[in-house]
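Just below is one structure, and these are the notes that go with it.
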Amino acid sequence: MRLDVVNTDAPDGLLKVRLVPDGAALTFGPQPEQFELAPGAKAVFEVPVTAQNVGDPEFDIILTMPDGRELRQTLTLPVRMNDPVVASTRRFALGGGDTFDFTSDVFADMQPGTGSAIISAGALARFDVPGILGTLERYPYGCSEQVTSKALPLLYLSGIAGEIGLGDQKAIRARVDAAIAQLMTRQSSNGAFGLWQAGSGDFWLDSYITDFLSRARAERFEVPDRAFRLAMDNLRNRINYAPDFDSGGEDIAFALMVLAREGAASMGDLRYYADVKSTAFATPLAAAQLGAALAYYGDQPRADAMFARAARMLAVVDDGALIWRADYGTALRDTAGVLALATRAGSDVVDPSALGALLVDDGAPLSTQESAWSLLAAHALVETPENSGLLVDGAPASSPFVKVLDSQTQSSGLAISTVSHRSEDLTLTTFGVPSSPPPAGGTGYAIGRSYYNLDGVPIDEQDLSVGDRFVIVLQVDPFEAFSARLIVNDPLPAGIEIDNPALLRSGDVRALDWLQPSEVEHAEFRSDRFLAAVDLRSAGTVTLAYGARAVSPGSFHRPAASVEDMYRPRYRAHTDTGRVDIAE
């Protein structure tokens with residue numbers, strides 16, 4: 001930390017500067033000895049500062065004047081860890097007479113200051129509704145599908161969202177309003193929506209966003225009338241000009257469901273697709289969405305036939321084929337969607353218990369689609385959560401039972417026990433950065449990170465100096481011929497900033513023209529990381545590069561770079577973590 005002390009109008013004399021941290025989050029190295037400063041003169045000091053754990057610690061700068069007076073200023077130095085947060089869920093039964101101490105012990109394997117935990121009971125806990133809501137809230141990316149998926153459950157589960165710390169009803173409504181406003185910036189003049197910016201061509205995405213806007217209007221959120229009218233007109237136009245198909249129809253079924261909810265579908269279209277094309281719909285969710293459209297119009301026999309077909313398709317769906325799905329889906333997402341839609345339609349041809357059992361968390365990370373539809377399914381099944389039957393510190397617990405513990409909040413914890421001798425099922429979901437970073441590795445992919453100077457010569461990230469400009473190159477290698485929507489995330493150390501995002505593309509570094517960076521759907525150059533979305537449709541290495549500059553002297557933690565299939569997140573990879581040393 002650099003300190004500049006300027007004597008503007010004080011007399012000569014001995015001065016002393018001290019840095020005093022508030023707590024143990026920061027520690028300071030050797031500090032200035034007493035020094036003399038003449039009027040108009042300036043003294044410059046550098047004091048090493050070490051971050052001990054994540055938080056927003058304060059510290060005081062105290063200047064002692066020659067006459068003994070102290071000038072004091074309080075500052076805040078935010079400390080962050082850019083490593084990815086890992087979520088872990090476990091379920092257990094609390095027997096009669098047993099007590100579970102919900103304390104900071106749950107953060108034992110996490111970096112200090114990064115952990116939070118949610119414990120819940122009852123019907124909502126069986127679907128881990130609080131945990132999934134928490135995971136969605138922490139999701140770091142923001143394409144139009146992801147913005148929609150994060151906001152959609154808040155239309156119905158604002159009470160649970162408030163319990164896990166997302167704010168009161170006013171704050172939840174503000175989150176949904178912000179999502180609507182962001183989606184409006186990505187709507188084209190024809191009513192269609194783009195994935196990362198205004199655009200058109202993705203019929204399923206248009207239906208998904210319009211579905212959210214329709215639901216939001218029904219829940220009395222403000223959606224601009226003209227924008228909604230354009231979105232509905234776009235769906236009608238796409239249906240009217242939709243080509244015939246022998247296998248597919250995911251976008252058509254979704255659009256028909258949204259139009260039917262708004263009373264804008266043609267009954268003739270619904271009956272044609274149900275009677276003539278029912279076997280052509282390629283996914284269980286599409287079949288269920290056509291069933292939901294028919295149910296909106298009161299044709300329950302045809303609706304039940306489509307729901308029954310959806311259930312049969314779920315039994316044979318192959319989720320192992322890593323093919324491109326235009327509807328962002330997986331078998332789990334389809335299962336949740338069929339359950340949510342059939343339950344809402346009042347159909348008795350689908351077994352809710354059997355499908356609900358398939359949604360129990362197996363520990364694998366969920367995509368935003370899987371999360372959003374799982375929450376819709378849980379909401380459809382559990383309108384009114386039952387009493388928890390639990391005691392917290394000896395007092396009866398409210399329902400729904402949801403408690404949150406944050407590692408940055410000083411708390412003695414909670415003692416959770418049962419009211420009677422019957423056992424209660426609990427779900428505990430923890431979030432945090434592991435204290436021991438996992439070694440480089442991955443499932444389905446490998447990712448590497450390397451550094452070059454502007455002459456194209458490889459350099460060592462531990463041998464940098466302030467002002468050095470260099471190029472960071474990321475290479476992703478799929479193990480098989482995957483088709484996927486990838487997100488590549490390279491968090492920056494605190495001493496490095498992105499210097500020139502378009503460095504290679506502009507041709508400024510001719511020595512690195514052999515890299516031939518891959519085409520990206522979207523790139524973000526944030527203050528703390530580089531992000532890129534890549535549509536992978538064939539085998540081959542994905543190469544990305546950007547310019548960076550060393551800006552601060554010190555030794556900094558280097559988080560791992562990662563790649564993730566956004567809609568099959570179990571397929572991911574990461575590099576090693578490390579250190580970056582930057583000299584003066």
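How things are named: the first chain in the structure tokens is A, the next is B, and so on; residues count from 1 in each chain; ligands count from 1 in the order shown.
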
Set the distance at 12 Å and use only C-alpha atoms: which residues neighbour Ile416 of chain A once local chain neighbours fewer than 4 positions away are removed? I'd like the list as number ranges by chain. A: 93-103, 119-121, 388-397, 401-403, 424-426

Close residues, Ala117 of chain A itself excluded, 10 Å, only C-alpha atoms, min 2 positions apart in chain, as a count of residues only: 23

What is the distance between atom CA of Ser483 of chain A and atom CA of Pro439 of chain A, in Å to one decimal? 25.8 Å

Could you name the residues that touch Tyr241 of chain A at 12 Å or less, counting only C-alpha atoms, but leaving out those on the same chain fewer than 4 positions away, as a PyMOL selection string? chain A and resi 203+234-237+252

Could you write those residues out with N, CA and C atoms, as a PDB file, in the first residue's frame?
ATOM      1  N   PHE A 203     -35.927 -19.623 -31.951  1.00  0.00           N
ATOM      2  CA  PHE A 203     -37.364 -19.695 -31.709  1.00  0.00           C
ATOM      3  C   PHE A 203     -37.651 -20.204 -30.293  1.00  0.00           C
ATOM      4  N   ASN A 234     -44.411 -12.178 -32.631  1.00  0.00           N
ATOM      5  CA  ASN A 234     -43.300 -12.974 -33.155  1.00  0.00           C
ATOM      6  C   ASN A 234     -43.611 -14.463 -33.064  1.00  0.00           C
ATOM      7  N   LEU A 235     -44.167 -14.911 -31.922  1.00  0.00           N
ATOM      8  CA  LEU A 235     -44.516 -16.332 -31.786  1.00  0.00           C
ATOM      9  C   LEU A 235     -45.596 -16.721 -32.784  1.00  0.00           C
ATOM     10  N   ARG A 236     -46.618 -15.874 -32.937  1.00  0.00           N
ATOM     11  CA  ARG A 236     -47.682 -16.192 -33.906  1.00  0.00           C
ATOM     12  C   ARG A 236     -47.123 -16.300 -35.318  1.00  0.00           C
ATOM     13  N   ASN A 237     -46.268 -15.357 -35.683  1.00  0.00           N
ATOM     14  CA  ASN A 237     -45.698 -15.388 -37.029  1.00  0.00           C
ATOM     15  C   ASN A 237     -44.842 -16.631 -37.247  1.00  0.00           C
ATOM     16  N   ILE A 252     -42.007 -25.186 -31.550  1.00  0.00           N
ATOM     17  CA  ILE A 252     -43.426 -25.032 -31.892  1.00  0.00           C
ATOM     18  C   ILE A 252     -44.305 -25.333 -30.682  1.00  0.00           C
TER      19      ILE A 252
END

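If you measure from each of A:Pro78, A:Gly40, A:Gly113, A:Gly298 to Val433 of chain A using only C-alpha atoms, the closest one turns out to be A:Gly113.
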
In segment 473-583 of chain A, DSSP strand (DSSP E) residues written as a short mmCIF file (atom, residue, chain, number, x, y, z; two decimals) with N, CA and C atoms, in the first residue's frame:
data_model
loop_
_atom_site.label_atom_id
_atom_site.label_comp_id
_atom_site.auth_asym_id
_atom_site.auth_seq_id
_atom_site.Cartn_x
_atom_site.Cartn_y
_atom_site.Cartn_z
N VAL A 473 -3.14 -16.76 -23.19
CA VAL A 473 -3.74 -17.66 -24.18
C VAL A 473 -4.41 -18.83 -23.44
N LEU A 474 -5.66 -19.09 -23.77
CA LEU A 474 -6.42 -20.21 -23.21
C LEU A 474 -6.74 -21.19 -24.32
N GLN A 475 -6.50 -22.48 -24.06
CA GLN A 475 -6.80 -23.52 -25.04
C GLN A 475 -7.66 -24.60 -24.40
N VAL A 476 -8.77 -24.90 -25.05
CA VAL A 476 -9.72 -25.91 -24.58
C VAL A 476 -9.71 -27.07 -25.56
N ASP A 477 -9.48 -28.28 -25.05
CA ASP A 477 -9.46 -29.48 -25.88
C ASP A 477 -10.55 -30.44 -25.45
N PRO A 478 -11.57 -30.68 -26.30
CA PRO A 478 -12.59 -31.68 -25.96
C PRO A 478 -12.03 -33.09 -26.12
N ALA A 484 -21.64 -28.35 -27.87
CA ALA A 484 -21.98 -27.75 -26.59
C ALA A 484 -21.90 -26.24 -26.65
N ARG A 485 -22.60 -25.60 -25.71
CA ARG A 485 -22.45 -24.17 -25.46
C ARG A 485 -21.49 -24.02 -24.29
N LEU A 486 -20.29 -23.56 -24.56
CA LEU A 486 -19.24 -23.49 -23.53
C LEU A 486 -19.12 -22.07 -22.99
N ILE A 487 -18.75 -21.98 -21.73
CA ILE A 487 -18.35 -20.71 -21.13
C ILE A 487 -16.94 -20.89 -20.60
N VAL A 488 -16.04 -20.01 -20.99
CA VAL A 488 -14.65 -20.04 -20.54
C VAL A 488 -14.46 -18.86 -19.59
N ASN A 489 -13.92 -19.15 -18.43
CA ASN A 489 -13.81 -18.16 -17.35
C ASN A 489 -12.37 -18.12 -16.87
N ASP A 490 -11.73 -16.96 -16.99
CA ASP A 490 -10.34 -16.81 -16.53
C ASP A 490 -10.28 -15.65 -15.53
N PRO A 491 -10.40 -15.94 -14.23
CA PRO A 491 -10.31 -14.88 -13.22
C PRO A 491 -8.90 -14.30 -13.16
N ILE A 496 -3.15 -7.82 -11.84
CA ILE A 496 -3.18 -7.81 -13.31
C ILE A 496 -4.52 -7.27 -13.78
N GLU A 497 -4.49 -6.48 -14.84
CA GLU A 497 -5.71 -5.97 -15.47
C GLU A 497 -5.70 -6.31 -16.95
N ILE A 498 -6.88 -6.43 -17.52
CA ILE A 498 -6.99 -6.61 -18.97
C ILE A 498 -6.57 -5.30 -19.64
N ASP A 499 -5.67 -5.42 -20.60
CA ASP A 499 -5.06 -4.23 -21.21
C ASP A 499 -5.69 -3.89 -22.54
N ASN A 500 -5.82 -4.88 -23.41
CA ASN A 500 -6.37 -4.63 -24.74
C ASN A 500 -7.15 -5.86 -25.17
N HIS A 522 -19.86 -14.48 -27.56
CA HIS A 522 -19.92 -13.32 -26.67
C HIS A 522 -18.65 -13.30 -25.84
N ALA A 523 -18.15 -12.13 -25.53
CA ALA A 523 -16.98 -11.99 -24.66
C ALA A 523 -17.20 -10.82 -23.73
N GLU A 524 -16.73 -10.98 -22.49
CA GLU A 524 -16.81 -9.91 -21.50
C GLU A 524 -15.43 -9.71 -20.91
N PHE A 525 -15.04 -8.45 -20.78
CA PHE A 525 -13.74 -8.10 -20.23
C PHE A 525 -13.98 -7.31 -18.95
N ARG A 529 -12.07 -10.49 -14.38
CA ARG A 529 -12.01 -11.75 -15.12
C ARG A 529 -12.28 -11.53 -16.60
N PHE A 530 -11.89 -12.55 -17.38
CA PHE A 530 -12.20 -12.63 -18.80
C PHE A 530 -13.21 -13.75 -18.98
N LEU A 531 -14.28 -13.48 -19.72
CA LEU A 531 -15.31 -14.47 -20.00
C LEU A 531 -15.55 -14.56 -21.49
N ALA A 532 -15.79 -15.77 -21.97
CA ALA A 532 -16.12 -15.95 -23.38
C ALA A 532 -17.10 -17.10 -23.53
N ALA A 533 -18.13 -16.91 -24.33
CA ALA A 533 -19.08 -17.97 -24.67
C ALA A 533 -18.76 -18.47 -26.07
N VAL A 534 -18.63 -19.78 -26.21
CA VAL A 534 -18.23 -20.40 -27.47
C VAL A 534 -19.22 -21.50 -27.79
N ASP A 535 -19.74 -21.51 -29.00
CA ASP A 535 -20.59 -22.61 -29.47
C ASP A 535 -19.69 -23.64 -30.14
N LEU A 536 -19.57 -24.80 -29.50
CA LEU A 536 -18.72 -25.87 -30.02
C LEU A 536 -19.60 -26.86 -30.78
N VAL A 542 -10.27 -25.18 -29.02
CA VAL A 542 -10.77 -23.81 -28.94
C VAL A 542 -9.65 -22.96 -28.37
N THR A 543 -9.25 -21.91 -29.09
CA THR A 543 -8.16 -21.02 -28.66
C THR A 543 -8.69 -19.62 -28.47
N LEU A 544 -8.42 -19.05 -27.29
CA LEU A 544 -8.83 -17.70 -26.95
C LEU A 544 -7.61 -16.94 -26.44
N ALA A 545 -7.58 -15.64 -26.66
CA ALA A 545 -6.44 -14.85 -26.19
C ALA A 545 -6.88 -13.41 -25.94
N TYR A 546 -6.20 -12.78 -24.98
CA TYR A 546 -6.46 -11.37 -24.70
C TYR A 546 -5.21 -10.74 -24.10
N GLY A 547 -5.10 -9.42 -24.23
CA GLY A 547 -3.96 -8.70 -23.71
C GLY A 547 -4.15 -8.31 -22.26
N ALA A 548 -3.05 -8.30 -21.50
CA ALA A 548 -3.11 -7.96 -20.08
C ALA A 548 -1.89 -7.12 -19.72
N ARG A 549 -1.93 -6.51 -18.54
CA ARG A 549 -0.84 -5.68 -18.05
C ARG A 549 -0.68 -5.89 -16.55
N ALA A 550 0.56 -5.96 -16.08
CA ALA A 550 0.86 -6.02 -14.65
C ALA A 550 0.79 -4.60 -14.10
N GLY A 554 3.67 -7.09 -5.98
CA GLY A 554 3.27 -7.98 -4.90
C GLY A 554 3.21 -9.41 -5.35
N SER A 555 2.73 -10.26 -4.46
CA SER A 555 2.52 -11.68 -4.75
C SER A 555 1.04 -11.96 -4.61
N PHE A 556 0.43 -12.43 -5.70
CA PHE A 556 -1.01 -12.55 -5.75
C PHE A 556 -1.45 -13.97 -6.08
N HIS A 557 -2.59 -14.34 -5.51
CA HIS A 557 -3.19 -15.64 -5.82
C HIS A 557 -3.71 -15.63 -7.25
N ARG A 558 -3.41 -16.70 -8.00
CA ARG A 558 -3.86 -16.85 -9.38
C ARG A 558 -4.94 -17.92 -9.41
N SER A 562 -11.24 -21.93 -16.12
CA SER A 562 -12.16 -23.05 -16.23
C SER A 562 -12.97 -22.96 -17.51
N VAL A 563 -13.47 -24.12 -17.93
CA VAL A 563 -14.41 -24.21 -19.03
C VAL A 563 -15.56 -25.09 -18.57
N GLU A 564 -16.76 -24.74 -18.99
CA GLU A 564 -17.95 -25.47 -18.54
C GLU A 564 -18.97 -25.54 -19.66
N ASP A 565 -19.57 -26.70 -19.82
CA ASP A 565 -20.74 -26.84 -20.69
C ASP A 565 -21.91 -26.25 -19.91
N ARG A 572 -16.87 -30.33 -17.47
CA ARG A 572 -16.13 -29.11 -17.19
C ARG A 572 -14.67 -29.46 -16.94
N ALA A 573 -13.82 -28.44 -16.93
CA ALA A 573 -12.39 -28.64 -16.67
C ALA A 573 -11.82 -27.36 -16.08
N HIS A 574 -10.67 -27.49 -15.42
CA HIS A 574 -10.02 -26.32 -14.84
C HIS A 574 -8.51 -26.53 -14.83
N GLY A 578 -2.40 -20.94 -8.77
CA GLY A 578 -0.98 -20.64 -8.67
C GLY A 578 -0.75 -19.29 -8.03
N ARG A 579 0.46 -18.75 -8.23
CA ARG A 579 0.84 -17.43 -7.73
C ARG A 579 1.37 -16.59 -8.89
N VAL A 580 1.17 -15.30 -8.78
CA VAL A 580 1.74 -14.35 -9.72
C VAL A 580 2.59 -13.38 -8.92
N ASP A 581 3.86 -13.29 -9.25
CA ASP A 581 4.78 -12.37 -8.57
C ASP A 581 5.09 -11.21 -9.51
N ILE A 582 4.84 -10.00 -9.03
CA ILE A 582 5.06 -8.80 -9.83
C ILE A 582 6.03 -7.89 -9.09
N ALA A 583 7.16 -7.62 -9.73
CA ALA A 583 8.18 -6.76 -9.13
C ALA A 583 7.89 -5.30 -9.46
#

Among listed residues A:Ala364, A:Leu339, A:Ala539, A:Leu3, nearest Arg570 of chain A (using only C-alpha atoms):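 Of all the options, A:Ala364 lies closest to Arg570 of chain A.
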
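Nearest residue to Gly356 of chain A among A:Ala308, A:Leu124, A:Leu205, A:Met81 is A:Leu124, counting only C-alpha atoms.
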
What gap, in Å, lies between atom CA of Met566 of chain A and atom CA of Tyr141 of chain A?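 Answer for the atom CA of Met566 of chain A to atom CA of Tyr141 of chain A separation: 9.5 Å.
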
List the neighbours of Ala179 of chain A out to 8 Å using only C-alpha atoms; skip same-chain residues closer than 4 positions along the sequence, and give me the result as a count of residues only. 5

May I ask which of the residues A:Ala345, A:Ala372, A:Ala41, A:Met232 is the closest one to Leu154 of chain A, counting only C-alpha atoms? A:Ala372

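Take the candidates A:Asp83, A:Glu250, A:Asp4, A:Asp56 and check each one against Asp576 of chain A using only C-alpha atoms; the shortest distance goes to A:Asp83.
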